[in-house]
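Colleague: Contents of data.pdb (PDB, C-alpha atoms) are given next:
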```pdb
ATOM      1  CA  GLY X   1     -75.413  85.293-159.221
ATOM      2  CA  SER X   2     -76.522  82.260-161.168
ATOM      3  CA  PRO X   3     -75.630  78.662-160.272
ATOM      4  CA  SER X   4     -72.034  77.854-161.129
ATOM      5  CA  ALA X   5     -70.656  75.168-163.392
ATOM      6  CA  ASP X   6     -70.769  71.491-162.483
ATOM      7  CA  THR X   7     -68.580  70.243-159.668
ATOM      8  CA  GLY X   8     -67.194  67.157-161.415
ATOM      9  CA  PRO X   9     -67.632  64.438-164.040
ATOM     10  CA  VAL X  10     -70.955  62.669-164.348
ATOM     11  CA  ASP X  11     -71.463  58.903-164.391
ATOM     12  CA  THR X  12     -74.566  58.915-166.561
ATOM     13  CA  ASP X  13     -74.828  55.146-166.955
ATOM     14  CA  PHE X  14     -74.700  53.954-163.358
ATOM     15  CA  HIS X  15     -78.466  54.005-162.905
ATOM     16  CA  TRP X  16     -78.800  51.527-165.766
ATOM     17  CA  ARG X  17     -76.466  49.131-163.971
ATOM     18  CA  TYR X  18     -78.140  49.097-160.584
ATOM     19  CA  LYS X  19     -81.307  47.550-161.927
ATOM     20  CA  GLY X  20     -82.174  49.174-165.196
ATOM     21  CA  PRO X  21     -85.312  51.264-165.593
ATOM     22  CA  ARG X  22     -88.513  49.923-167.024
ATOM     23  CA  ASN X  23     -88.602  50.209-170.783
ATOM     24  CA  ILE X  24     -91.094  53.025-171.255
ATOM     25  CA  PRO X  25     -92.814  52.868-174.656
ATOM     26  CA  ARG X  26     -93.109  55.987-176.751
ATOM     27  CA  PRO X  27     -96.200  57.936-175.671
ATOM     28  CA  LYS X  28     -98.890  57.690-178.336
ATOM     29  CA  THR X  29     -99.960  61.279-177.830
ATOM     30  CA  SER X  30     -97.292  63.673-176.635
ATOM     31  CA  VAL X  31     -96.958  67.256-177.794
ATOM     32  CA  VAL X  32     -93.391  67.394-176.498
ATOM     33  CA  VAL X  33     -92.186  64.110-178.014
ATOM     34  CA  ASN X  34     -93.712  64.959-181.384
ATOM     35  CA  ALA X  35     -92.069  68.380-181.337
ATOM     36  CA  LEU X  36     -88.674  67.003-180.300
ATOM     37  CA  GLU X  37     -88.728  64.322-182.972
ATOM     38  CA  ASN X  38     -89.513  67.020-185.506
ATOM     39  CA  GLY X  39     -86.469  68.979-184.365
ATOM     40  CA  ASP X  40     -88.036  71.925-182.552
ATOM     41  CA  GLY X  41     -84.677  72.621-180.887
ATOM     42  CA  LYS X  42     -86.050  73.029-177.366
ATOM     43  CA  LYS X  43     -84.194  71.625-174.384
ATOM     44  CA  TYR X  44     -86.020  70.169-171.396
ATOM     45  CA  ALA X  45     -84.936  69.246-167.871
ATOM     46  CA  PHE X  46     -86.266  67.815-164.646
ATOM     47  CA  VAL X  47     -84.776  69.810-161.776
ATOM     48  CA  SER X  48     -84.646  69.589-158.005
ATOM     49  CA  VAL X  49     -83.043  71.796-155.354
ATOM     50  CA  ILE X  50     -81.382  70.830-152.085
ATOM     51  CA  SER X  51     -79.814  73.247-149.632
ATOM     52  CA  ASN X  52     -78.033  70.817-147.302
ATOM     53  CA  GLU X  53     -77.021  67.183-146.788
ATOM     54  CA  LYS X  54     -80.357  66.324-145.193
ATOM     55  CA  TYR X  55     -82.117  66.022-148.551
ATOM     56  CA  VAL X  56     -79.427  64.153-150.520
ATOM     57  CA  ASP X  57     -81.153  60.795-150.056
ATOM     58  CA  GLY X  58     -84.445  62.248-151.210
ATOM     59  CA  ALA X  59     -82.830  63.703-154.341
ATOM     60  CA  ILE X  60     -81.231  60.332-155.127
ATOM     61  CA  VAL X  61     -84.505  58.414-155.042
ATOM     62  CA  LEU X  62     -86.315  61.167-156.951
ATOM     63  CA  ALA X  63     -83.746  60.755-159.743
ATOM     64  CA  LEU X  64     -84.037  56.968-159.785
ATOM     65  CA  SER X  65     -87.824  57.098-159.916
ATOM     66  CA  LEU X  66     -87.810  59.689-162.705
ATOM     67  CA  TYR X  67     -85.486  57.548-164.818
ATOM     68  CA  ASN X  68     -87.700  54.549-164.179
ATOM     69  CA  THR X  69     -90.830  56.316-165.424
ATOM     70  CA  SER X  70     -89.688  58.928-167.963
ATOM     71  CA  TYR X  71     -89.548  58.219-171.683
ATOM     72  CA  LEU X  72     -87.876  61.594-172.233
ATOM     73  CA  LEU X  73     -85.015  60.755-169.855
ATOM     74  CA  GLN X  74     -84.550  57.244-171.173
ATOM     75  CA  GLU X  75     -84.392  58.478-174.768
ATOM     76  CA  LYS X  76     -82.077  61.372-173.781
ATOM     77  CA  TYR X  77     -84.580  64.021-174.824
ATOM     78  CA  CYS X  78     -84.387  65.515-171.344
ATOM     79  CA  GLU X  79     -81.734  66.102-168.678
ATOM     80  CA  LEU X  80     -81.758  65.783-164.917
ATOM     81  CA  VAL X  81     -80.335  68.726-162.967
ATOM     82  CA  LEU X  82     -79.742  69.374-159.278
ATOM     83  CA  LEU X  83     -79.054  72.732-157.645
ATOM     84  CA  ALA X  84     -77.036  72.184-154.475
ATOM     85  CA  PRO X  85     -74.660  74.026-152.122
ATOM     86  CA  SER X  86     -70.996  74.162-153.135
ATOM     87  CA  ASP X  87     -69.877  72.509-149.889
ATOM     88  CA  LEU X  88     -71.858  69.314-150.473
ATOM     89  CA  HIS X  89     -69.784  66.331-149.323
ATOM     90  CA  LYS X  90     -67.841  64.605-152.110
ATOM     91  CA  ASP X  91     -69.441  61.253-151.324
ATOM     92  CA  SER X  92     -72.875  62.859-151.603
ATOM     93  CA  GLN X  93     -71.923  64.312-154.981
ATOM     94  CA  ARG X  94     -70.714  60.902-156.138
ATOM     95  CA  ARG X  95     -73.921  59.175-155.069
ATOM     96  CA  LEU X  96     -76.028  61.846-156.762
ATOM     97  CA  ARG X  97     -74.117  61.422-160.010
ATOM     98  CA  HIS X  98     -74.484  57.663-159.785
ATOM     99  CA  ALA X  99     -78.216  58.212-159.386
ATOM    100  CA  GLY X 100     -78.205  59.877-162.794
ATOM    101  CA  TYR X 101     -77.972  63.649-162.394
ATOM    102  CA  HIS X 102     -76.420  65.028-165.558
ATOM    103  CA  HIS X 103     -75.516  68.292-163.859
ATOM    104  CA  ILE X 104     -75.025  69.301-160.231
ATOM    105  CA  LYS X 105     -74.794  73.075-160.073
ATOM    106  CA  SER X 106     -73.761  75.006-156.992
ATOM    107  CA  MET X 107     -75.417  78.221-155.864
ATOM    108  CA  PRO X 108     -74.854  80.885-153.207
ATOM    109  CA  SER X 109     -77.582  80.422-150.631
ATOM    110  CA  LEU X 110     -80.263  83.075-150.189
ATOM    111  CA  ALA X 111     -81.121  81.838-146.688
ATOM    112  CA  HIS X 112     -79.082  84.591-144.997
ATOM    113  CA  TYR X 113     -81.617  87.202-146.107
ATOM    114  CA  LEU X 114     -84.171  85.770-143.652
ATOM    115  CA  PRO X 115     -82.215  83.698-141.108
ATOM    116  CA  GLY X 116     -85.157  83.615-138.714
ATOM    117  CA  SER X 117     -87.443  81.772-141.111
ATOM    118  CA  MET X 118     -87.979  78.060-140.630
ATOM    119  CA  TRP X 119     -88.224  77.805-144.433
ATOM    120  CA  LYS X 120     -85.242  80.025-145.291
ATOM    121  CA  ASP X 121     -83.623  77.352-147.479
ATOM    122  CA  THR X 122     -86.603  77.326-149.848
ATOM    123  CA  PHE X 123     -85.611  80.738-151.238
ATOM    124  CA  ASP X 124     -82.886  78.974-153.235
ATOM    125  CA  LYS X 125     -85.640  77.827-155.605
ATOM    126  CA  LEU X 126     -85.456  81.294-157.155
ATOM    127  CA  TYR X 127     -82.339  80.099-158.990
ATOM    128  CA  LEU X 128     -84.543  77.826-161.106
ATOM    129  CA  TRP X 129     -85.289  80.803-163.331
ATOM    130  CA  SER X 130     -81.551  81.199-164.022
ATOM    131  CA  LEU X 131     -81.109  77.829-165.773
ATOM    132  CA  TYR X 132     -80.894  79.531-169.154
ATOM    133  CA  ASP X 133     -79.571  76.440-170.952
ATOM    134  CA  TYR X 134     -83.094  75.005-170.926
ATOM    135  CA  SER X 135     -86.234  76.036-172.779
ATOM    136  CA  VAL X 136     -88.562  74.566-170.148
ATOM    137  CA  ILE X 137     -87.913  72.854-166.821
ATOM    138  CA  ALA X 138     -90.132  70.808-164.532
ATOM    139  CA  TYR X 139     -89.238  71.272-160.887
ATOM    140  CA  TYR X 140     -89.945  68.634-158.228
ATOM    141  CA  ASP X 141     -89.180  68.892-154.515
ATOM    142  CA  ALA X 142     -86.592  66.321-153.410
ATOM    143  CA  ASP X 143     -89.135  64.565-151.175
ATOM    144  CA  MET X 144     -91.108  63.258-154.146
ATOM    145  CA  LEU X 145     -91.356  59.901-155.913
ATOM    146  CA  ALA X 146     -92.302  59.514-159.580
ATOM    147  CA  LEU X 147     -94.851  56.738-160.098
ATOM    148  CA  GLU X 148     -95.790  57.102-163.769
ATOM    149  CA  ASP X 149     -95.475  59.432-166.768
ATOM    150  CA  PRO X 150     -93.854  62.561-165.297
ATOM    151  CA  ASP X 151     -93.153  63.696-168.889
ATOM    152  CA  SER X 152     -96.720  64.723-169.642
ATOM    153  CA  VAL X 153     -96.341  67.760-167.388
ATOM    154  CA  PHE X 154     -94.529  69.385-170.324
ATOM    155  CA  ASN X 155     -97.764  69.172-172.330
ATOM    156  CA  PHE X 156     -99.153  72.132-170.341
ATOM    157  CA  PRO X 157     -97.784  75.070-172.375
ATOM    158  CA  LEU X 158     -96.802  78.328-170.702
ATOM    159  CA  PRO X 159     -97.662  81.476-172.706
ATOM    160  CA  ASN X 160     -94.243  83.016-172.018
ATOM    161  CA  ALA X 161     -91.552  83.385-169.336
ATOM    162  CA  THR X 162     -93.740  85.669-167.216
ATOM    163  CA  PHE X 163     -95.991  82.681-166.416
ATOM    164  CA  ILE X 164     -95.454  79.713-164.133
ATOM    165  CA  GLY X 165     -97.041  76.265-164.222
ATOM    166  CA  ALA X 166     -98.194  75.109-160.789
ATOM    167  CA  LEU X 167    -100.835  73.363-158.737
ATOM    168  CA  GLY X 168    -103.309  76.019-157.730
ATOM    169  CA  SER X 169    -106.829  77.244-157.202
ATOM    170  CA  GLY X 170    -109.302  77.764-159.998
ATOM    171  CA  ASN X 171    -109.776  81.418-159.076
ATOM    172  CA  LYS X 172    -106.089  82.143-159.814
ATOM    173  CA  LYS X 173    -105.461  83.465-156.305
ATOM    174  CA  TYR X 174    -103.175  80.731-154.993
ATOM    175  CA  PHE X 175    -100.616  78.224-156.251
ATOM    176  CA  GLN X 176     -98.074  75.897-154.657
ATOM    177  CA  THR X 177     -94.335  75.761-155.359
ATOM    178  CA  GLY X 178     -93.457  72.146-154.527
ATOM    179  CA  MET X 179     -93.909  71.254-158.193
ATOM    180  CA  MET X 180     -93.642  73.794-161.017
ATOM    181  CA  THR X 181     -92.966  74.202-164.711
ATOM    182  CA  ILE X 182     -90.805  77.187-165.589
ATOM    183  CA  ILE X 183     -89.350  78.948-168.616
ATOM    184  CA  PRO X 184     -85.886  80.077-167.431
ATOM    185  CA  ASN X 185     -85.357  83.687-168.373
ATOM    186  CA  LYS X 186     -82.798  86.322-167.360
ATOM    187  CA  GLU X 187     -85.280  89.182-167.077
ATOM    188  CA  THR X 188     -87.683  87.100-165.000
ATOM    189  CA  PHE X 189     -84.899  85.800-162.750
ATOM    190  CA  GLU X 190     -83.468  89.251-162.087
ATOM    191  CA  GLY X 191     -86.937  90.691-161.505
ATOM    192  CA  LEU X 192     -87.847  87.879-159.123
ATOM    193  CA  LEU X 193     -84.580  88.235-157.203
ATOM    194  CA  GLU X 194     -85.021  91.992-156.847
ATOM    195  CA  HIS X 195     -88.651  91.475-155.775
ATOM    196  CA  PHE X 196     -87.410  89.108-153.070
ATOM    197  CA  LYS X 197     -84.710  91.474-151.794
ATOM    198  CA  GLU X 198     -87.070  94.451-151.823
ATOM    199  CA  GLY X 199     -89.675  92.369-149.997
ATOM    200  CA  VAL X 200     -87.137  91.583-147.288
ATOM    201  CA  ARG X 201     -86.253  95.277-146.955
ATOM    202  CA  THR X 202     -89.903  96.334-146.708
ATOM    203  CA  LYS X 203     -90.857  93.329-144.553
ATOM    204  CA  LEU X 204     -93.278  91.998-147.143
ATOM    205  CA  PHE X 205     -91.470  88.735-146.403
ATOM    206  CA  TYR X 206     -90.517  88.270-142.778
ATOM    207  CA  GLY X 207     -90.841  86.045-139.755
ATOM    208  CA  TYR X 208     -90.770  82.368-138.933
ATOM    209  CA  ASN X 209     -93.013  81.245-141.801
ATOM    210  CA  ALA X 210     -91.517  83.298-144.650
ATOM    211  CA  ARG X 211     -90.946  81.032-147.650
ATOM    212  CA  ASP X 212     -90.450  80.844-151.405
ATOM    213  CA  GLY X 213     -94.150  80.452-152.152
ATOM    214  CA  GLU X 214     -94.875  83.929-150.808
ATOM    215  CA  VAL X 215     -92.247  85.390-153.127
ATOM    216  CA  ALA X 216     -93.501  83.541-156.205
ATOM    217  CA  ARG X 217     -97.193  84.229-155.576
ATOM    218  CA  SER X 218     -96.679  87.938-154.966
ATOM    219  CA  TYR X 219     -94.500  88.217-158.084
ATOM    220  CA  PHE X 220     -96.485  86.153-160.605
ATOM    221  CA  GLY X 221     -99.956  86.838-159.209
ATOM    222  CA  PRO X 222    -102.595  85.260-161.485
ATOM    223  CA  ARG X 223    -100.023  84.521-164.213
ATOM    224  CA  PHE X 224     -99.947  80.770-163.726
ATOM    225  CA  VAL X 225    -101.101  77.767-165.699
ATOM    226  CA  ARG X 226    -102.914  75.325-163.467
ATOM    227  CA  LEU X 227    -101.400  71.827-163.538
ATOM    228  CA  SER X 228    -103.072  68.574-162.548
ATOM    229  CA  ASN X 229    -102.856  67.668-158.863
ATOM    230  CA  TYR X 230    -101.640  64.218-159.917
ATOM    231  CA  TYR X 231     -98.153  65.694-160.458
ATOM    232  CA  SER X 232     -97.814  66.288-156.712
ATOM    233  CA  THR X 233    -100.165  64.231-154.586
ATOM    234  CA  TYR X 234    -100.046  62.838-151.072
ATOM    235  CA  ARG X 235    -102.038  59.826-149.881
ATOM    236  CA  ASN X 236    -102.419  58.147-146.507
ATOM    237  CA  ALA X 237    -101.031  54.628-146.187
ATOM    238  CA  SER X 238    -104.465  53.050-146.630
ATOM    239  CA  GLU X 239    -105.368  55.027-149.763
ATOM    240  CA  SER X 240    -104.835  53.956-153.364
ATOM    241  CA  LEU X 241    -102.024  55.438-155.454
ATOM    242  CA  ALA X 242    -104.058  55.040-158.650
ATOM    243  CA  LYS X 243    -103.688  57.858-161.204
ATOM    244  CA  ILE X 244    -100.943  59.588-159.202
ATOM    245  CA  LYS X 245     -98.009  60.539-161.393
ATOM    246  CA  VAL X 246     -95.703  61.876-158.671
ATOM    247  CA  PHE X 247     -96.155  61.198-154.951
ATOM    248  CA  HIS X 248     -95.190  63.945-152.482
ATOM    249  CA  PHE X 249     -94.004  63.001-148.976
ATOM    250  CA  ARG X 250     -95.286  66.192-147.405
ATOM    251  CA  GLY X 251     -94.708  67.147-143.799
ATOM    252  CA  PHE X 252     -91.675  67.059-141.535
ATOM    253  CA  PHE X 253     -91.139  63.309-141.568
ATOM    254  CA  LYS X 254     -89.386  61.854-144.626
ATOM    255  CA  PRO X 255     -88.823  58.182-145.541
ATOM    256  CA  TRP X 256     -85.051  58.473-145.155
ATOM    257  CA  TYR X 257     -85.042  59.842-141.606
ATOM    258  CA  ASP X 258     -83.202  57.495-139.259
ATOM    259  CA  MET X 259     -85.752  56.177-136.779
ATOM    260  CA  LYS X 260     -82.973  55.703-134.200
ATOM    261  CA  HIS X 261     -82.317  59.446-134.324
ATOM    262  CA  PRO X 262     -85.642  61.009-135.292
ATOM    263  CA  PRO X 263     -86.214  64.751-135.624
ATOM    264  CA  HIS X 264     -87.125  66.588-132.444
ATOM    265  CA  PHE X 265     -90.908  66.529-132.667
ATOM    266  CA  LYS X 266     -93.691  64.157-131.747
ATOM    267  CA  PRO X 267     -94.488  61.722-134.582
ATOM    268  CA  SER X 268     -98.170  62.534-134.143
ATOM    269  CA  GLN X 269     -97.376  66.083-135.268
ATOM    270  CA  ALA X 270     -95.716  65.006-138.511
ATOM    271  CA  THR X 271     -97.586  64.081-141.656
ATOM    272  CA  GLY X 272     -96.427  60.639-142.717
ATOM    273  CA  ALA X 273     -94.700  59.713-139.461
ATOM    274  CA  VAL X 274     -96.734  56.559-138.960
ATOM    275  CA  GLU X 275     -97.803  56.000-142.565
ATOM    276  CA  PHE X 276     -95.623  53.225-143.890
ATOM    277  CA  GLY X 277     -97.739  52.511-146.940
ATOM    278  CA  GLN X 278     -97.007  51.527-150.525
ATOM    279  CA  ALA X 279     -95.210  54.746-151.485
ATOM    280  CA  TYR X 280     -92.939  54.462-148.434
ATOM    281  CA  ARG X 281     -92.060  50.861-149.336
ATOM    282  CA  MET X 282     -91.399  51.816-152.964
ATOM    283  CA  TRP X 283     -89.083  54.605-151.819
ATOM    284  CA  TRP X 284     -87.001  52.180-149.744
ATOM    285  CA  GLU X 285     -86.895  49.612-152.539
ATOM    286  CA  TYR X 286     -85.276  52.190-154.819
ATOM    287  CA  TYR X 287     -82.901  53.317-152.075
ATOM    288  CA  GLU X 288     -81.734  49.859-151.032
ATOM    289  CA  GLN X 289     -81.251  48.483-154.550
ATOM    290  CA  PHE X 290     -79.296  51.561-155.562
ATOM    291  CA  HIS X 291     -76.953  51.500-152.576
ATOM    292  CA  VAL X 292     -76.215  47.795-152.871
ATOM    293  CA  ALA X 293     -74.978  48.529-156.392
ATOM    294  CA  HIS X 294     -73.290  51.796-155.384
ATOM    295  CA  PHE X 295     -71.091  50.212-152.737
ATOM    296  CA  GLN X 296     -70.220  47.300-155.020
ATOM    297  CA  ALA X 297     -69.096  49.642-157.795
TER
END
```
Go through the file and emit its structure as structure tokens.

Modeller:
Amino acid sequence: GSPSADTGPVDTDFHWRYKGPRNIPRPKTSVVVNALENGDGKKYAFVSVISNEKYVDGAIVLALSLYNTSYLLQEKYCELVLLAPSDLHKDSQRRLRHAGYHHIKSMPSLAHYLPGSMWKDTFDKLYLWSLYDYSVIAYYDADMLALEDPDSVFNFPLPNATFIGALGSGNKKYFQTGMMTIIPNKETFEGLLEHFKEGVRTKLFYGYNARDGEVARSYFGPRFVRLSNYYSTYRNASESLAKIKVFHFRGFFKPWYDMKHPPHFKPSQATGAVEFGQAYRMWWEYYEQFHVAHFQA
């Protein structure tokens, strides 16, 4: 089924109180803003997906950074949505709402179809196509940090709901699923879900490394609009963040992992484990400022 209704009331103004986002001026050239101001009737959303408590902190900072850099969010032209499990802790839900999520929708996990996969939780991204309330959504993994102008990703039009916007190769043979633009659509969602289930039955998708990207690539094939890499870019600590719109903390190590209780792998094996650069410091600045205000509220 589709994600269920919200789990509680939203505190949409808390993020303004913790520090207040930068005042983003109206973009001089924006297809989306021009269309919205002319009353095109479309509804946009930034969306992320988490499948357990481990990524709550990432989703919080993603929301804060999007509000701090998005004209569409600040002017209420766009909403912020999170897909999450129904058993998410109440305190986690409260913090997420304080961070600015307009809607937190629960979903039945698809992980049980391939319990042996290390990436089994990523299959829940298929529910993105079921967010029928929105004309277009921009999806960002929860381990990302908006640096500037995430709105312009909506300026890459998709021909119709059978296409996906993604970072990919010029020969149309490969695209990534950590950042996508999507037209939610019932027919596409049901077709994608059936493709996934049939792929599990026929072992098209199987094993330790089975993941959502395999499902999306085999379903959409060359039907994707290539987005700029600046909407999902990783840099080493010594490299400049210039031109990057959204930074992606790729790899097993995430900024919010407790260094007193690190994951069970050698730091040398994890991208980012020893890279405490500018993006890492920015992430913690958001996190600390927010939680000082959260616990004083």

Colleague: So the first atom is atom CA of Phe46 of chain X and the second is atom CA of Leu80 of chain X; what is the distance between them in Å, to one decimal place?

Modeller: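 So the two atoms, atom CA of Phe46 of chain X and atom CA of Leu80 of chain X, lie 5.0 Å apart.
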
Colleague: Of the candidates X:Ser109, X:Asn229, X:Thr69, X:Thr122, which one gets nearest to Ala166 of chain X if we count only C-alpha atoms?

Modeller: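 Of the candidates, the smallest distance to Ala166 of chain X is held by X:Asn229.
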
Colleague: At a cut-off of 12 Å from (-88.8, 52.0, -149.8) in the coordinates of the file, what residues are picked up using all atoms listed in the file, written as an MDAnalysis selection string?

Modeller: chainID X and resid 57:58 61:62 65 145 254:257 276:290

Colleague: Keeping only C-alpha atoms, write the selected residues to a file as a PDB file, in the coordinates of the input.

Modeller:
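Once written, again.pdb looks like this:
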```
ATOM      1  CA  ASP X  57     -81.153  60.795-150.056  1.00  0.00           C
ATOM      2  CA  GLY X  58     -84.445  62.248-151.210  1.00  0.00           C
ATOM      3  CA  VAL X  61     -84.505  58.414-155.042  1.00  0.00           C
ATOM      4  CA  LEU X  62     -86.315  61.167-156.951  1.00  0.00           C
ATOM      5  CA  SER X  65     -87.824  57.098-159.916  1.00  0.00           C
ATOM      6  CA  LEU X 145     -91.356  59.901-155.913  1.00  0.00           C
ATOM      7  CA  LYS X 254     -89.386  61.854-144.626  1.00  0.00           C
ATOM      8  CA  PRO X 255     -88.823  58.182-145.541  1.00  0.00           C
ATOM      9  CA  TRP X 256     -85.051  58.473-145.155  1.00  0.00           C
ATOM     10  CA  TYR X 257     -85.042  59.842-141.606  1.00  0.00           C
ATOM     11  CA  PHE X 276     -95.623  53.225-143.890  1.00  0.00           C
ATOM     12  CA  GLY X 277     -97.739  52.511-146.940  1.00  0.00           C
ATOM     13  CA  GLN X 278     -97.007  51.527-150.525  1.00  0.00           C
ATOM     14  CA  ALA X 279     -95.210  54.746-151.485  1.00  0.00           C
ATOM     15  CA  TYR X 280     -92.939  54.462-148.434  1.00  0.00           C
ATOM     16  CA  ARG X 281     -92.060  50.861-149.336  1.00  0.00           C
ATOM     17  CA  MET X 282     -91.399  51.816-152.964  1.00  0.00           C
ATOM     18  CA  TRP X 283     -89.083  54.605-151.819  1.00  0.00           C
ATOM     19  CA  TRP X 284     -87.001  52.180-149.744  1.00  0.00           C
ATOM     20  CA  GLU X 285     -86.895  49.612-152.539  1.00  0.00           C
ATOM     21  CA  TYR X 286     -85.276  52.190-154.819  1.00  0.00           C
ATOM     22  CA  TYR X 287     -82.901  53.317-152.075  1.00  0.00           C
ATOM     23  CA  GLU X 288     -81.734  49.859-151.032  1.00  0.00           C
ATOM     24  CA  GLN X 289     -81.251  48.483-154.550  1.00  0.00           C
ATOM     25  CA  PHE X 290     -79.296  51.561-155.562  1.00  0.00           C
TER      26      PHE X 290
END
```

Colleague: My list of candidates is X:Val32, X:Glu198, X:Met118, X:Asp149. Which is closest to Tyr67 of chain X when distances are computed with only C-alpha atoms?

Modeller: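 Smallest separation from Tyr67 of chain X among the options: X:Asp149.
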
Colleague: Could you list the residues chosen by the PyMOL selection byres ((chain X and resi 135) around 9) in this structure as number ranges by chain?

Modeller: X: 41-45, 131-134, 136-137, 182-185

Colleague: Can you measure atom CA of Leu227 of chain X to atom CA of Glu37 of chain X for me? One decimal in Å is fine.

Modeller: 24.4 Å

Colleague: May I have the residues within 9 Å of segment 52-54 of chain X as a CSV table (one decimal) with C-alpha atoms, keeping the file's coordinate frame, using all atoms listed in the file and disregarding those fewer than 5 positions away in the same chain?

Modeller:
```
chain,number,residue,atom,x,y,z
X,84,ALA,CA,-77.0,72.2,-154.5
X,85,PRO,CA,-74.7,74.0,-152.1
X,87,ASP,CA,-69.9,72.5,-149.9
X,88,LEU,CA,-71.9,69.3,-150.5
X,89,HIS,CA,-69.8,66.3,-149.3
X,92,SER,CA,-72.9,62.9,-151.6
X,121,ASP,CA,-83.6,77.4,-147.5
X,257,TYR,CA,-85.0,59.8,-141.6
```

Colleague: Could you list, as a ChimeraX atom specification, every residue matched by the PyMOL selection byres ((chain X and resi 111) around 12) in this structure?

Modeller: /X:51-52,85,107-110,112-126,196-197,200,210-212

Colleague: Interatomic distance between atom CA of Glu214 of chain X and atom CA of Leu147 of chain X?

Modeller: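 Here the two named atoms are 28.7 Å from each other.
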
Colleague: Mind listing whatever residues come within 12 Å of the point (-98.6, 90.1, -159.4)? Use all atoms listed in the file, file coordinates, and give them as number ranges by chain.

Modeller: X: 162-164, 172-174, 191-192, 195, 214-224

Colleague: Tell me which of X:Leu193, X:Tyr71, X:Tyr77, X:Ala142 sits closest to Asp40 of chain X, counting all atoms listed in the file.

Modeller: X:Tyr77

Colleague: Tell me which of X:Ala63, X:Asn155, X:Ala146, X:Val49 sits closest to Val33 of chain X, counting only C-alpha atoms.

Modeller: X:Asn155

Colleague: If the PyMOL selection byres ((chain X and resi 233) around 10) is run on the structure shown, which residues does it catch, given as a PyMOL selection string?

Modeller: chain X and resi 144-145+228-232+234-235+241+243-250
